[in-house]
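Student: What follows is data36.txt; its format and atoms are compact mmCIF, C-alpha atoms.
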# COMPACT_ATOMS: atom_id res chain seq x y z
CA MET N 1 150.46 39.68 112.73
CA ASP N 2 152.27 40.36 109.46
CA ARG N 3 153.08 37.04 107.77
CA ASP N 4 156.49 38.34 106.62
CA ALA N 5 157.57 39.69 110.00
CA SER N 6 156.88 38.83 113.60
CA GLN N 7 157.95 42.19 115.01
CA VAL N 8 156.18 45.25 113.66
CA ILE N 9 157.89 48.44 114.77
CA SER N 10 155.93 51.64 114.37
CA VAL N 11 158.16 54.55 113.40
CA GLY N 12 156.36 57.64 114.68
CA LEU N 13 156.33 61.22 113.56
CA GLY N 14 159.84 62.66 113.45
CA GLU N 15 161.45 59.34 114.33
CA LEU N 16 164.20 57.20 112.83
CA TRP N 17 164.48 53.47 113.39
CA VAL N 18 167.46 51.35 112.35
CA SER N 19 167.27 47.55 112.60
CA ARG N 20 169.21 44.42 111.72
CA ASP N 21 166.60 42.12 113.23
CA SER N 22 165.37 39.82 110.44
CA ARG N 23 162.02 39.43 112.21
CA ALA N 24 161.34 43.17 112.09
CA CYS N 25 159.10 45.21 109.84
CA LEU N 26 159.51 48.97 110.20
CA VAL N 27 156.27 50.88 109.54
CA ALA N 28 155.44 54.56 109.16
CA HIS N 29 151.64 54.83 109.34
CA GLY N 30 149.54 57.48 107.68
CA LEU N 31 152.13 59.64 105.96
CA GLY N 32 150.52 62.76 104.52
CA SER N 33 152.91 65.57 103.69
CA CYS N 34 155.55 63.78 105.79
CA VAL N 35 158.02 61.59 103.95
CA GLY N 36 159.16 58.06 104.71
CA VAL N 37 162.72 57.32 103.59
CA CYS N 38 163.67 53.63 103.56
CA ALA N 39 167.29 52.56 103.18
CA TYR N 40 168.44 48.94 103.13
CA ASP N 41 171.73 47.13 102.68
CA PRO N 42 170.86 43.69 101.24
CA ALA N 43 174.26 42.20 102.06
CA ALA N 44 174.43 43.33 105.69
CA LYS N 45 170.64 42.94 106.02
CA VAL N 46 170.35 46.17 107.94
CA GLY N 47 167.68 48.75 107.20
CA ALA N 48 166.32 52.07 108.37
CA LEU N 49 163.13 54.04 108.10
CA LEU N 50 163.00 57.80 108.62
CA HIS N 51 159.61 59.51 109.17
CA ALA N 52 160.40 63.19 108.65
CA MET N 53 157.96 66.10 108.89
CA LEU N 54 159.64 69.18 107.49
CA PRO N 55 162.21 69.76 104.76
CA GLU N 56 164.89 71.85 106.38
CA HIS N 57 166.52 71.96 109.80
CA ASN N 58 165.36 75.05 111.68
CA GLY N 59 168.74 75.80 113.27
CA GLN N 60 167.34 75.40 116.78
CA ALA N 61 166.72 71.67 117.13
CA PRO N 62 169.58 69.28 117.87
CA ALA N 63 171.86 68.87 114.83
CA GLN N 64 170.81 65.25 114.38
CA SER N 65 167.08 65.94 114.58
CA THR N 66 165.04 63.38 112.68
CA LYS N 67 162.08 65.73 112.44
CA PHE N 68 163.68 67.32 109.39
CA VAL N 69 164.43 65.66 106.06
CA ASP N 70 167.94 67.08 105.61
CA SER N 71 169.34 66.39 109.09
CA GLY N 72 167.29 63.19 109.36
CA ILE N 73 168.78 61.60 106.24
CA GLN N 74 172.30 62.56 107.32
CA TYR N 75 171.75 60.97 110.71
CA MET N 76 170.15 57.90 109.14
CA LEU N 77 173.25 57.36 106.95
CA GLN N 78 175.52 57.67 109.99
CA GLU N 79 173.46 55.21 112.00
CA LEU N 80 173.31 52.71 109.13
CA ALA N 81 177.08 52.87 108.73
CA GLY N 82 177.41 52.28 112.48
CA GLN N 83 175.29 49.12 112.07
CA GLY N 84 177.50 47.78 109.29
CA ALA N 85 175.71 49.06 106.19
CA VAL N 86 177.88 50.00 103.25
CA ARG N 87 176.83 53.16 101.49
CA HIS N 88 177.18 52.02 97.85
CA ARG N 89 174.99 48.97 98.55
CA LEU N 90 172.08 50.96 99.96
CA VAL N 91 168.72 50.47 98.26
CA ILE N 92 166.69 53.60 98.93
CA HIS N 93 162.96 54.26 98.54
CA LEU N 94 161.11 57.51 99.06
CA THR N 95 157.39 57.71 99.93
CA GLY N 96 154.86 60.27 101.15
CA GLY N 97 155.15 63.98 100.42
CA ALA N 98 151.47 64.36 99.53
CA HIS N 99 149.63 67.65 99.14
CA MET N 100 146.63 67.07 101.38
CA LEU N 101 144.92 70.48 101.14
CA THR N 102 143.37 70.73 97.72
CA ALA N 103 140.18 72.69 98.48
CA PRO N 104 139.64 76.14 96.92
CA GLY N 105 141.40 78.76 99.00
CA PHE N 106 144.35 76.47 99.74
CA LYS N 107 145.73 76.33 96.21
CA ASN N 108 148.58 78.64 97.04
CA ALA N 109 149.31 77.18 100.42
CA LEU N 110 152.90 76.06 100.84
CA ASN N 111 153.16 72.55 99.53
CA ILE N 112 155.26 71.10 102.32
CA GLY N 113 154.85 67.60 100.93
CA ALA N 114 156.51 68.46 97.62
CA ARG N 115 159.25 70.37 99.44
CA ASN N 116 159.89 67.39 101.72
CA ALA N 117 160.27 65.06 98.72
CA GLU N 118 162.47 67.57 96.84
CA MET N 119 164.72 67.94 99.86
CA ALA N 120 165.07 64.18 100.21
CA ARG N 121 166.07 63.85 96.53
CA ALA N 122 168.52 66.75 96.85
CA VAL N 123 170.21 65.37 99.98
CA LEU N 124 170.50 61.89 98.47
CA GLN N 125 171.95 63.29 95.26
CA ARG N 126 174.44 65.37 97.24
CA GLU N 127 175.48 62.21 99.06
CA GLY N 128 175.95 60.39 95.77
CA LEU N 129 173.06 58.02 96.48
CA ARG N 130 170.50 56.85 93.96
CA LEU N 131 166.79 56.35 94.58
CA SER N 132 165.66 52.86 93.65
CA GLY N 133 161.97 53.63 93.87
CA GLU N 134 159.56 56.37 94.76
CA ASP N 135 155.87 56.82 95.50
CA THR N 136 155.35 60.47 96.35
CA GLY N 137 152.97 63.37 95.74
CA GLY N 138 149.27 63.15 95.00
CA HIS N 139 146.58 64.06 97.51
CA TRP N 140 146.44 60.91 99.58
CA GLY N 141 148.03 59.38 102.64
CA ARG N 142 150.32 56.36 102.65
CA THR N 143 151.56 53.70 105.02
CA VAL N 144 155.04 52.43 104.18
CA LYS N 145 156.63 49.21 105.42
CA LEU N 146 160.25 48.01 105.20
CA TYR N 147 160.92 44.31 105.84
CA ILE N 148 164.38 43.76 107.27
CA SER N 149 164.60 40.11 106.20
CA SER N 150 164.22 40.89 102.49
CA GLY N 151 164.37 44.67 101.97
CA LYS N 152 160.84 44.58 100.57
CA VAL N 153 159.12 47.96 100.66
CA THR N 154 155.33 48.22 100.44
CA VAL N 155 153.05 51.24 100.27
CA ARG N 156 149.36 51.19 101.16
CA SER N 157 146.85 53.98 100.50
CA VAL N 158 143.14 54.31 101.23
CA GLY N 159 141.23 53.08 98.19
CA ARG N 160 144.41 52.17 96.30
CA GLY N 161 145.45 49.02 98.09
CA GLU N 162 149.02 47.96 98.74
CA GLN N 163 151.84 47.83 96.21
CA ASP N 164 155.33 46.42 96.42
CA LEU N 165 157.65 49.31 95.63
CA SER N 166 160.76 47.16 95.64
CA LEU N 167 159.73 44.95 92.68
CA MET E 1 153.51 79.15 117.18
CA GLU E 2 152.35 77.15 120.20
CA THR E 3 154.58 77.19 123.23
CA ALA E 4 156.44 74.04 124.14
CA GLY E 5 156.42 74.74 127.87
CA ALA E 6 153.58 74.36 130.33
CA LEU E 7 150.53 76.57 130.05
CA THR E 8 150.26 79.35 132.59
CA ASP E 9 147.23 79.20 134.90
CA GLY E 10 145.94 82.41 133.37
CA MET E 11 146.15 81.11 129.82
CA GLN E 12 144.61 77.80 130.83
CA ALA E 13 141.67 79.62 132.44
CA LEU E 14 141.26 81.88 129.43
CA LEU E 15 141.25 78.99 126.99
CA GLU E 16 138.77 77.05 129.12
CA MET E 17 136.45 80.05 129.21
CA LEU E 18 136.73 80.46 125.43
CA ALA E 19 136.14 76.76 124.94
CA GLN E 20 133.03 76.69 127.13
CA GLU E 21 131.39 79.73 125.60
CA GLY E 22 132.49 79.22 122.04
CA LEU E 23 131.69 75.55 121.82
CA GLU E 24 128.32 75.84 123.55
CA ASN E 25 127.32 78.38 120.94
CA ALA E 26 128.73 76.19 118.20
CA ALA E 27 126.73 73.20 119.47
CA HIS E 28 123.53 75.27 119.55
CA GLY E 29 124.19 76.46 116.02
CA LEU E 30 124.84 72.95 114.82
CA SER E 31 121.69 71.67 116.57
CA ALA E 32 119.62 74.33 114.82
CA PHE E 33 121.20 73.42 111.49
CA VAL E 34 120.65 69.70 111.93
CA GLY E 35 117.21 70.05 113.47
CA HIS E 36 118.10 67.76 116.39
CA GLU E 37 119.86 68.47 119.62
CA ILE E 38 123.59 67.87 119.47
CA THR E 39 125.32 67.82 122.83
CA LEU E 40 128.98 68.19 123.53
CA ALA E 41 131.23 66.79 126.18
CA ARG E 42 132.75 69.33 128.53
CA PRO E 43 135.57 70.83 126.52
CA ARG E 44 139.07 70.50 127.81
CA VAL E 45 142.27 72.33 127.11
CA THR E 46 144.88 69.78 126.33
CA MET E 47 148.57 69.90 125.62
CA MET E 48 150.09 67.00 123.77
CA PRO E 49 153.46 66.20 122.27
CA ILE E 50 153.42 66.46 118.48
CA ALA E 51 154.36 62.79 118.16
CA GLU E 52 151.15 61.78 119.97
CA VAL E 53 148.81 63.87 117.82
CA PRO E 54 148.21 61.18 115.14
CA LEU E 55 147.33 58.57 117.77
CA VAL E 56 143.75 59.84 118.20
CA LEU E 57 140.62 58.07 116.87
CA GLY E 58 142.26 54.67 116.66
CA GLY E 59 145.65 55.74 115.34
CA PRO E 60 147.32 57.15 112.24
CA GLU E 61 146.10 54.52 109.78
CA THR E 62 142.41 54.73 110.71
CA THR E 63 140.29 55.98 107.82
CA ALA E 64 138.72 59.25 108.84
CA VAL E 65 137.24 62.47 107.57
CA GLY E 66 138.81 65.78 108.52
CA ILE E 67 137.21 69.16 107.98
CA TYR E 68 139.97 71.73 108.24
CA MET E 69 139.95 75.52 108.43
CA ALA E 70 142.90 77.82 108.81
CA VAL E 71 142.22 80.78 111.10
CA ASP E 72 143.54 84.21 110.26
CA GLY E 73 143.46 87.46 112.24
CA ASP E 74 144.48 88.30 115.82
CA MET E 75 143.89 84.68 116.74
CA ASP E 76 145.86 82.76 114.13
CA GLY E 77 145.55 79.03 114.29
CA HIS E 78 143.74 75.98 113.01
CA ILE E 79 140.37 74.34 113.47
CA ILE E 80 139.80 70.72 112.60
CA LEU E 81 136.77 68.53 113.00
CA LEU E 82 137.82 64.90 112.82
CA LEU E 83 135.48 61.89 112.57
CA ARG E 84 135.94 58.22 111.87
CA ARG E 85 134.74 57.38 108.36
CA GLU E 86 131.62 55.63 109.66
CA ASP E 87 130.75 58.54 111.96
CA ALA E 88 131.10 60.96 109.05
CA ALA E 89 128.64 58.86 107.05
CA GLU E 90 126.29 58.79 110.04
CA LEU E 91 126.55 62.57 110.39
CA VAL E 92 125.63 62.98 106.72
CA ASP E 93 122.55 60.79 107.25
CA LEU E 94 121.62 62.93 110.22
CA LEU E 95 122.11 66.16 108.27
CA LEU E 96 120.13 64.94 105.28
CA ASP E 97 117.46 63.40 107.53
CA GLN E 98 118.05 59.92 106.18
CA PRO E 99 117.90 56.59 108.02
CA ALA E 100 121.20 55.54 109.56
CA GLY E 101 123.28 53.52 107.12
CA THR E 102 121.96 55.26 103.99
CA THR E 103 125.25 57.01 103.20
CA VAL E 104 127.89 54.64 101.89
CA GLU E 105 130.12 56.83 99.71
CA LEU E 106 131.08 60.42 100.36
CA GLY E 107 130.33 62.13 97.04
CA PRO E 108 130.17 65.87 96.32
CA LEU E 109 126.81 66.31 98.11
CA GLU E 110 127.94 64.47 101.22
CA ARG E 111 131.27 66.31 101.33
CA SER E 112 129.48 69.60 100.90
CA ALA E 113 127.21 68.78 103.86
CA LEU E 114 130.24 67.93 106.00
CA ALA E 115 132.01 71.10 104.89
CA GLU E 116 128.99 73.07 106.02
CA VAL E 117 129.15 71.47 109.47
CA GLY E 118 132.79 72.52 109.77
CA ASN E 119 132.08 75.95 108.43
CA LEU E 120 129.17 76.55 110.77
CA THR E 121 130.83 75.14 113.86
CA GLY E 122 134.09 76.95 113.25
CA ALA E 123 132.49 80.28 112.37
CA ILE E 124 130.21 80.29 115.42
CA PHE E 125 133.10 79.35 117.69
CA LEU E 126 135.28 82.12 116.28
CA ASN E 127 132.48 84.70 116.46
CA SER E 128 132.05 83.86 120.15
CA VAL E 129 135.77 84.26 120.75
CA ALA E 130 135.79 87.54 118.86
CA SER E 131 132.92 88.99 120.87
CA LEU E 132 134.29 87.74 124.20
CA CYS E 133 137.83 88.94 123.71
CA GLY E 134 137.55 91.66 121.14
CA VAL E 135 139.98 89.93 118.83
CA SER E 136 139.51 89.23 115.15
CA ALA E 137 139.51 85.67 113.83
CA ARG E 138 138.49 84.70 110.31
CA PRO E 139 138.18 81.10 109.14
CA SER E 140 139.23 79.99 105.68
CA PRO E 141 136.76 78.00 103.58
CA PRO E 142 136.63 74.44 104.88
CA ALA E 143 138.68 71.68 103.26
CA VAL E 144 137.22 68.17 103.54
CA MET E 145 139.71 65.30 103.51
CA GLU E 146 138.88 61.60 103.59
CA ASP E 147 142.02 59.67 104.34
CA MET E 148 144.16 58.19 107.09
CA VAL E 149 144.13 60.06 110.42
CA GLY E 150 147.90 60.59 110.24
CA ALA E 151 147.77 62.04 106.74
CA ILE E 152 144.92 64.41 107.62
CA LEU E 153 146.59 65.64 110.79
CA ASP E 154 149.87 66.27 108.96
CA VAL E 155 148.19 69.47 107.78
CA VAL E 156 148.15 70.79 111.34
CA ILE E 157 151.32 69.10 112.48
CA VAL E 158 153.61 70.64 109.87
CA ALA E 159 152.27 74.09 110.62
CA VAL E 160 152.89 73.75 114.34
CA GLY E 161 155.83 71.37 114.34
CA ALA E 162 158.31 73.73 112.72
CA ILE E 163 158.76 75.63 115.95
CA ALA E 164 157.19 73.63 118.75
CA GLU E 165 157.35 70.14 120.20
CA SER E 166 153.77 70.14 121.45
CA ILE E 167 150.39 71.55 120.58
CA VAL E 168 147.77 73.15 122.77
CA ALA E 169 144.29 72.26 121.65
CA ILE E 170 140.77 72.94 122.83
CA GLU E 171 139.07 69.59 122.47
CA THR E 172 135.51 68.41 122.70
CA VAL E 173 133.30 65.67 121.35
CA PHE E 174 129.97 66.26 119.63
CA GLN E 175 127.41 63.59 120.36
CA ARG E 176 123.79 62.79 119.80
CA SER E 177 122.35 60.31 122.20
CA ASP E 178 119.92 58.43 119.99
CA ARG E 179 122.22 58.25 116.96
CA HIS E 180 125.89 57.76 117.56
CA VAL E 181 127.96 60.53 116.04
CA GLU E 182 131.25 61.29 117.66
CA ALA E 183 133.44 64.05 116.27
CA LEU E 184 136.66 65.37 117.66
CA PHE E 185 136.70 69.14 117.45
CA TRP E 186 140.09 70.78 117.86
CA VAL E 187 140.86 74.44 117.99
CA ILE E 188 144.60 74.99 117.92
CA PRO E 189 145.37 78.64 118.61
CA ASP E 190 148.66 80.39 118.12
CA LEU E 191 149.09 81.21 121.79
CA ASP E 192 151.79 83.82 121.22
CA ALA E 193 149.57 85.75 118.81
CA LEU E 194 146.55 85.40 121.11
CA CYS E 195 148.49 86.63 124.16
CA HIS E 196 149.85 89.53 122.16
CA SER E 197 146.36 90.54 121.00
CA LEU E 198 144.91 90.37 124.51
CA ALA E 199 147.79 92.21 126.17
Rewrite the coordinates I just gave you, this time as structure tokens.
Tutor:
Amino acid sequence: MDRDASQVISVGLGELWVSRDSRACLVAHGLGSCVGVCAYDPAAKVGALLHAMLPEHNGQAPAQSTKFVDSGIQYMLQELAGQGAVRHRLVIHLTGGAHMLTAPGFKNALNIGARNAEMARAVLQREGLRLSGEDTGGHWGRTVKLYISSGKVTVRSVGRGEQDLSL
Amino acid sequence: METAGALTDGMQALLEMLAQEGLENAAHGLSAFVGHEITLARPRVTMMPIAEVPLVLGGPETTAVGIYMAVDGDMDGHIILLLRREDAAELVDLLLDQPAGTTVELGPLERSALAEVGNLTGAIFLNSVASLCGVSARPSPPAVMEDMVGAILDVVIVAVGAIAESIVAIETVFQRSDRHVEALFWVIPDLDALCHSLA
């Protein structure tokens, strides 16, 4: 049991979770090249966590697909507004987007992680939203948590421990 | 890449045949390399939603070691050997003929030994497939990753997930009875490319 939250909600691959339950902690476990986008309105105490896999909508999935960074962020903003969040108050953190394949022979492989993070920054900028914190890139996985009671965002990595990104 | 619908009976049978032959040969090769008999559970062809892929081996945050190879040729796809961190250390001890518990950290030597296991297993499997079906399949050099299960499997998931909602994998478990080493061995073929090559 997490001492700061009694309800831990696992946000799986390609999922979005929006919550205004002060007992909840939204968690995206083991992000590699995937990104975790946390958005929180401290006044309305409503938050969301998007766990997106790929940068750009493929044109075939439903328009609001949360598998993709671009359509996922758009949908997340809509859902947050529907739960009473006000856009200019949103505190946004971006995590994940690692480049996991670093062995010889994979140097030129498409770096989906970097593209995911770039897309997230681009969409947020286009929406006039500012990133409050970021922990992206590198060659390691991350677990990100968003606490709905406080808006605290933590990131844990193997061998690197846990840091509070919202400080 | 992989189809999102159900497997046809014909494709299921073909993949099971490939799995049986290819993985038996791979297990023999690995046994010869290690110098001890390594057995494998009966391989199965499994189809799973992408969202469930990171839930293996204790879940996405479990620390694990993944040995990944991309496959190029008529049978495009991916091969990944995935072990819990402690099983990877045990496998290194077995490979280096050391008492269990000797390996604590995975340094360059240990990672090289694990890469060789992936390389050998993958290459023998692909050679068997090539000779059975007359298709070409070349593995990339192995990449060894020590990290969370979810992060490691993102490598496969992003490649498949762009165009499919599920993956088809040939799955087995390598085991040695007297020393516990359990490794998940997945071959994830591009079924469209494989069907096209065999047509």
Student: Please provide the set of residues having any atom within 6 Å of Val37 (chain N), restricted to only C-alpha atoms, with same-chain residues fewer than 4 positions apart removed, written as a list in words.
Tutor: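 Result of the neighbour search: Leu49, Leu50, His93 and Leu94 of chain N.
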Student: Just how far from CA of Gly101 (chain E) is CA of Asp178 (chain E), in Å to one decimal?
Tutor: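 Value for the CA of Asp178 (chain E)-CA of Gly101 (chain E) distance: 14.2 Å.
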Student: Write down, as an NGL selection string, each residue of chain E that has any atom within 10 Å of an atom of chain N, counting all atoms listed in the file.
Tutor: :E and (50-55 or 59-63 or 68-70 or 140-155 or 157-159 or 161-165)
Student: Find the residues near region 27-33 of chain E: any atom within 10 Å, counting only C-alpha atoms, skip ones fewer than 4 places away on the same chain, and give them as a compact mmCIF listing (two decimals) with C-alpha atoms, in the coordinates of the input.
Tutor:
# COMPACT_ATOMS: atom_id res chain seq x y z
CA GLY E 22 132.49 79.22 122.04
CA LEU E 23 131.69 75.55 121.82
CA GLU E 37 119.86 68.47 119.62
CA ILE E 38 123.59 67.87 119.47
CA THR E 39 125.32 67.82 122.83
CA LEU E 40 128.98 68.19 123.53
CA LEU E 95 122.11 66.16 108.27
CA GLU E 116 128.99 73.07 106.02
CA VAL E 117 129.15 71.47 109.47
CA GLY E 118 132.79 72.52 109.77
CA LEU E 120 129.17 76.55 110.77
CA THR E 121 130.83 75.14 113.86
CA ALA E 123 132.49 80.28 112.37
CA ILE E 124 130.21 80.29 115.42
CA PHE E 125 133.10 79.35 117.69
CA PHE E 174 129.97 66.26 119.63
CA GLN E 175 127.41 63.59 120.36
CA ARG E 176 123.79 62.79 119.80
Student: Write out as JSON, numbers by chain each polymer residue whose atoms come within 6 Å of region 179-191 of chain E, counting all atoms listed in the file; drop sequence neighbours fewer than 6 positions from it.
Tutor: {"E": [1, 2, 76, 77, 78, 79, 80, 81, 82, 83, 87, 169, 170, 171, 172, 173]}
Student: Region 154-166 of chain N, all listed atoms, 8 Å padding on each side: what axis-aligned box centre and edge lengths in Å to one decimal come out, as lines of an AutoDock Vina configuration file?
Tutor:
center_x = 151.0
center_y = 50.4
center_z = 98.4
size_x = 35.5
size_y = 23.9
size_z = 21.6
Student: Restricting the calculation to only C-alpha atoms, which member of N:Asn111, N:Ser19, N:Ser10, N:Thr95 is positioned closest to Glu79 (chain N)?
Tutor: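 Nearest candidate to Glu79 (chain N) out of N:Asn111, N:Ser19, N:Ser10, N:Thr95: N:Ser19.
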Student: So how far away is CA of Val153 (chain N) from CA of Ala64 (chain E), in Å?
Tutor: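 Pair CA of Ala64 (chain E) / CA of Val153 (chain N) returns 24.7 Å.
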Student: So, counting only C-alpha atoms, which residue among N:Ala52, N:Leu77, N:Ala39, N:Val155 is closest to Leu131 (chain N)?
Tutor: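 The shortest atom-to-atom distance to Leu131 (chain N) comes from N:Ala39.
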Student: Rounded to one decimal, what separation in Å do you get between CA of Ala120 (chain N) and CA of Leu146 (chain N)?
Tutor: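 These two atoms are separated by 17.6 Å.
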Student: Nearest residue to Asp41 (chain N) out of N:Gly161, N:Pro62, N:Gly151, N:Gly128, using all atoms listed in the file?
Tutor: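 Smallest distance to Asp41 (chain N) is found for N:Gly151.
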Student: Using all atoms listed in the file - which residues lie no farther than 10 Å from the point (176.8, 57.6, 96.1) in the file's frame? Write them as a list of chain:residue names.
Tutor: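 Every polymer residue passing the test: N:Arg87, N:His88, N:Arg89, N:Leu90, N:Leu124, N:Gln125, N:Arg126, N:Glu127, N:Gly128, N:Leu129, N:Arg130.
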Student: Please output region 54-78 of chain E, rebuilt to include N, CA and C atoms, as a PDB file, in the frame of the given file.
Tutor:
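Just written: part.pdb:
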ATOM      1  N   PRO E  54     148.896  62.104 116.066  1.00  0.00           N
ATOM      2  CA  PRO E  54     148.210  61.180 115.140  1.00  0.00           C
ATOM      3  C   PRO E  54     147.646  59.927 115.799  1.00  0.00           C
ATOM      4  N   LEU E  55     147.780  59.794 117.107  1.00  0.00           N
ATOM      5  CA  LEU E  55     147.330  58.570 117.770  1.00  0.00           C
ATOM      6  C   LEU E  55     145.843  58.607 118.133  1.00  0.00           C
ATOM      7  N   VAL E  56     145.166  59.720 117.829  1.00  0.00           N
ATOM      8  CA  VAL E  56     143.750  59.840 118.200  1.00  0.00           C
ATOM      9  C   VAL E  56     142.871  58.988 117.273  1.00  0.00           C
ATOM     10  N   LEU E  57     141.647  58.774 117.667  1.00  0.00           N
ATOM     11  CA  LEU E  57     140.620  58.070 116.870  1.00  0.00           C
ATOM     12  C   LEU E  57     141.090  56.728 116.313  1.00  0.00           C
ATOM     13  N   GLY E  58     141.859  56.008 117.101  1.00  0.00           N
ATOM     14  CA  GLY E  58     142.260  54.670 116.660  1.00  0.00           C
ATOM     15  C   GLY E  58     143.622  54.618 116.000  1.00  0.00           C
ATOM     16  N   GLY E  59     144.280  55.766 115.852  1.00  0.00           N
ATOM     17  CA  GLY E  59     145.650  55.740 115.340  1.00  0.00           C
ATOM     18  C   GLY E  59     145.793  56.257 113.935  1.00  0.00           C
ATOM     19  N   PRO E  60     147.048  56.428 113.489  1.00  0.00           N
ATOM     20  CA  PRO E  60     147.320  57.150 112.240  1.00  0.00           C
ATOM     21  C   PRO E  60     146.813  56.479 110.974  1.00  0.00           C
ATOM     22  N   GLU E  61     146.535  55.183 111.009  1.00  0.00           N
ATOM     23  CA  GLU E  61     146.100  54.520 109.780  1.00  0.00           C
ATOM     24  C   GLU E  61     144.577  54.374 109.692  1.00  0.00           C
ATOM     25  N   THR E  62     143.868  54.797 110.726  1.00  0.00           N
ATOM     26  CA  THR E  62     142.410  54.730 110.710  1.00  0.00           C
ATOM     27  C   THR E  62     141.859  55.638 109.614  1.00  0.00           C
ATOM     28  N   THR E  63     140.906  55.134 108.860  1.00  0.00           N
ATOM     29  CA  THR E  63     140.290  55.980 107.820  1.00  0.00           C
ATOM     30  C   THR E  63     139.322  56.945 108.489  1.00  0.00           C
ATOM     31  N   ALA E  64     139.505  58.211 108.176  1.00  0.00           N
ATOM     32  CA  ALA E  64     138.720  59.250 108.840  1.00  0.00           C
ATOM     33  C   ALA E  64     138.384  60.361 107.853  1.00  0.00           C
ATOM     34  N   VAL E  65     137.555  61.270 108.339  1.00  0.00           N
ATOM     35  CA  VAL E  65     137.240  62.470 107.570  1.00  0.00           C
ATOM     36  C   VAL E  65     137.634  63.666 108.422  1.00  0.00           C
ATOM     37  N   GLY E  66     138.391  64.565 107.834  1.00  0.00           N
ATOM     38  CA  GLY E  66     138.810  65.780 108.520  1.00  0.00           C
ATOM     39  C   GLY E  66     138.256  66.988 107.800  1.00  0.00           C
ATOM     40  N   ILE E  67     137.691  67.906 108.560  1.00  0.00           N
ATOM     41  CA  ILE E  67     137.210  69.160 107.980  1.00  0.00           C
ATOM     42  C   ILE E  67     138.094  70.258 108.577  1.00  0.00           C
ATOM     43  N   TYR E  68     138.915  70.841 107.744  1.00  0.00           N
ATOM     44  CA  TYR E  68     139.970  71.730 108.240  1.00  0.00           C
ATOM     45  C   TYR E  68     139.724  73.170 107.808  1.00  0.00           C
ATOM     46  N   MET E  69     139.979  74.081 108.743  1.00  0.00           N
ATOM     47  CA  MET E  69     139.950  75.520 108.430  1.00  0.00           C
ATOM     48  C   MET E  69     141.168  76.181 109.046  1.00  0.00           C
ATOM     49  N   ALA E  70     141.838  76.989 108.253  1.00  0.00           N
ATOM     50  CA  ALA E  70     142.900  77.820 108.810  1.00  0.00           C
ATOM     51  C   ALA E  70     142.238  79.063 109.393  1.00  0.00           C
ATOM     52  N   VAL E  71     142.787  79.589 110.472  1.00  0.00           N
ATOM     53  CA  VAL E  71     142.220  80.780 111.100  1.00  0.00           C
ATOM     54  C   VAL E  71     143.224  81.925 110.951  1.00  0.00           C
ATOM     55  N   ASP E  72     142.700  83.055 110.521  1.00  0.00           N
ATOM     56  CA  ASP E  72     143.540  84.210 110.260  1.00  0.00           C
ATOM     57  C   ASP E  72     143.026  85.372 111.114  1.00  0.00           C
ATOM     58  N   GLY E  73     143.871  86.300 111.450  1.00  0.00           N
ATOM     59  CA  GLY E  73     143.460  87.460 112.240  1.00  0.00           C
ATOM     60  C   GLY E  73     144.292  87.549 113.503  1.00  0.00           C
ATOM     61  N   ASP E  74     143.739  88.200 114.562  1.00  0.00           N
ATOM     62  CA  ASP E  74     144.480  88.300 115.820  1.00  0.00           C
ATOM     63  C   ASP E  74     144.719  86.926 116.424  1.00  0.00           C
ATOM     64  N   MET E  75     143.733  86.040 116.227  1.00  0.00           N
ATOM     65  CA  MET E  75     143.890  84.680 116.740  1.00  0.00           C
ATOM     66  C   MET E  75     144.199  83.734 115.587  1.00  0.00           C
ATOM     67  N   ASP E  76     145.451  83.716 115.172  1.00  0.00           N
ATOM     68  CA  ASP E  76     145.860  82.760 114.130  1.00  0.00           C
ATOM     69  C   ASP E  76     145.705  81.347 114.682  1.00  0.00           C
ATOM     70  N   GLY E  77     145.582  80.404 113.809  1.00  0.00           N
ATOM     71  CA  GLY E  77     145.550  79.030 114.290  1.00  0.00           C
ATOM     72  C   GLY E  77     144.867  78.102 113.307  1.00  0.00           C
ATOM     73  N   HIS E  78     144.337  77.032 113.843  1.00  0.00           N
ATOM     74  CA  HIS E  78     143.740  75.980 113.010  1.00  0.00           C
ATOM     75  C   HIS E  78     142.505  75.430 113.726  1.00  0.00           C
TER      76      HIS E  78
END
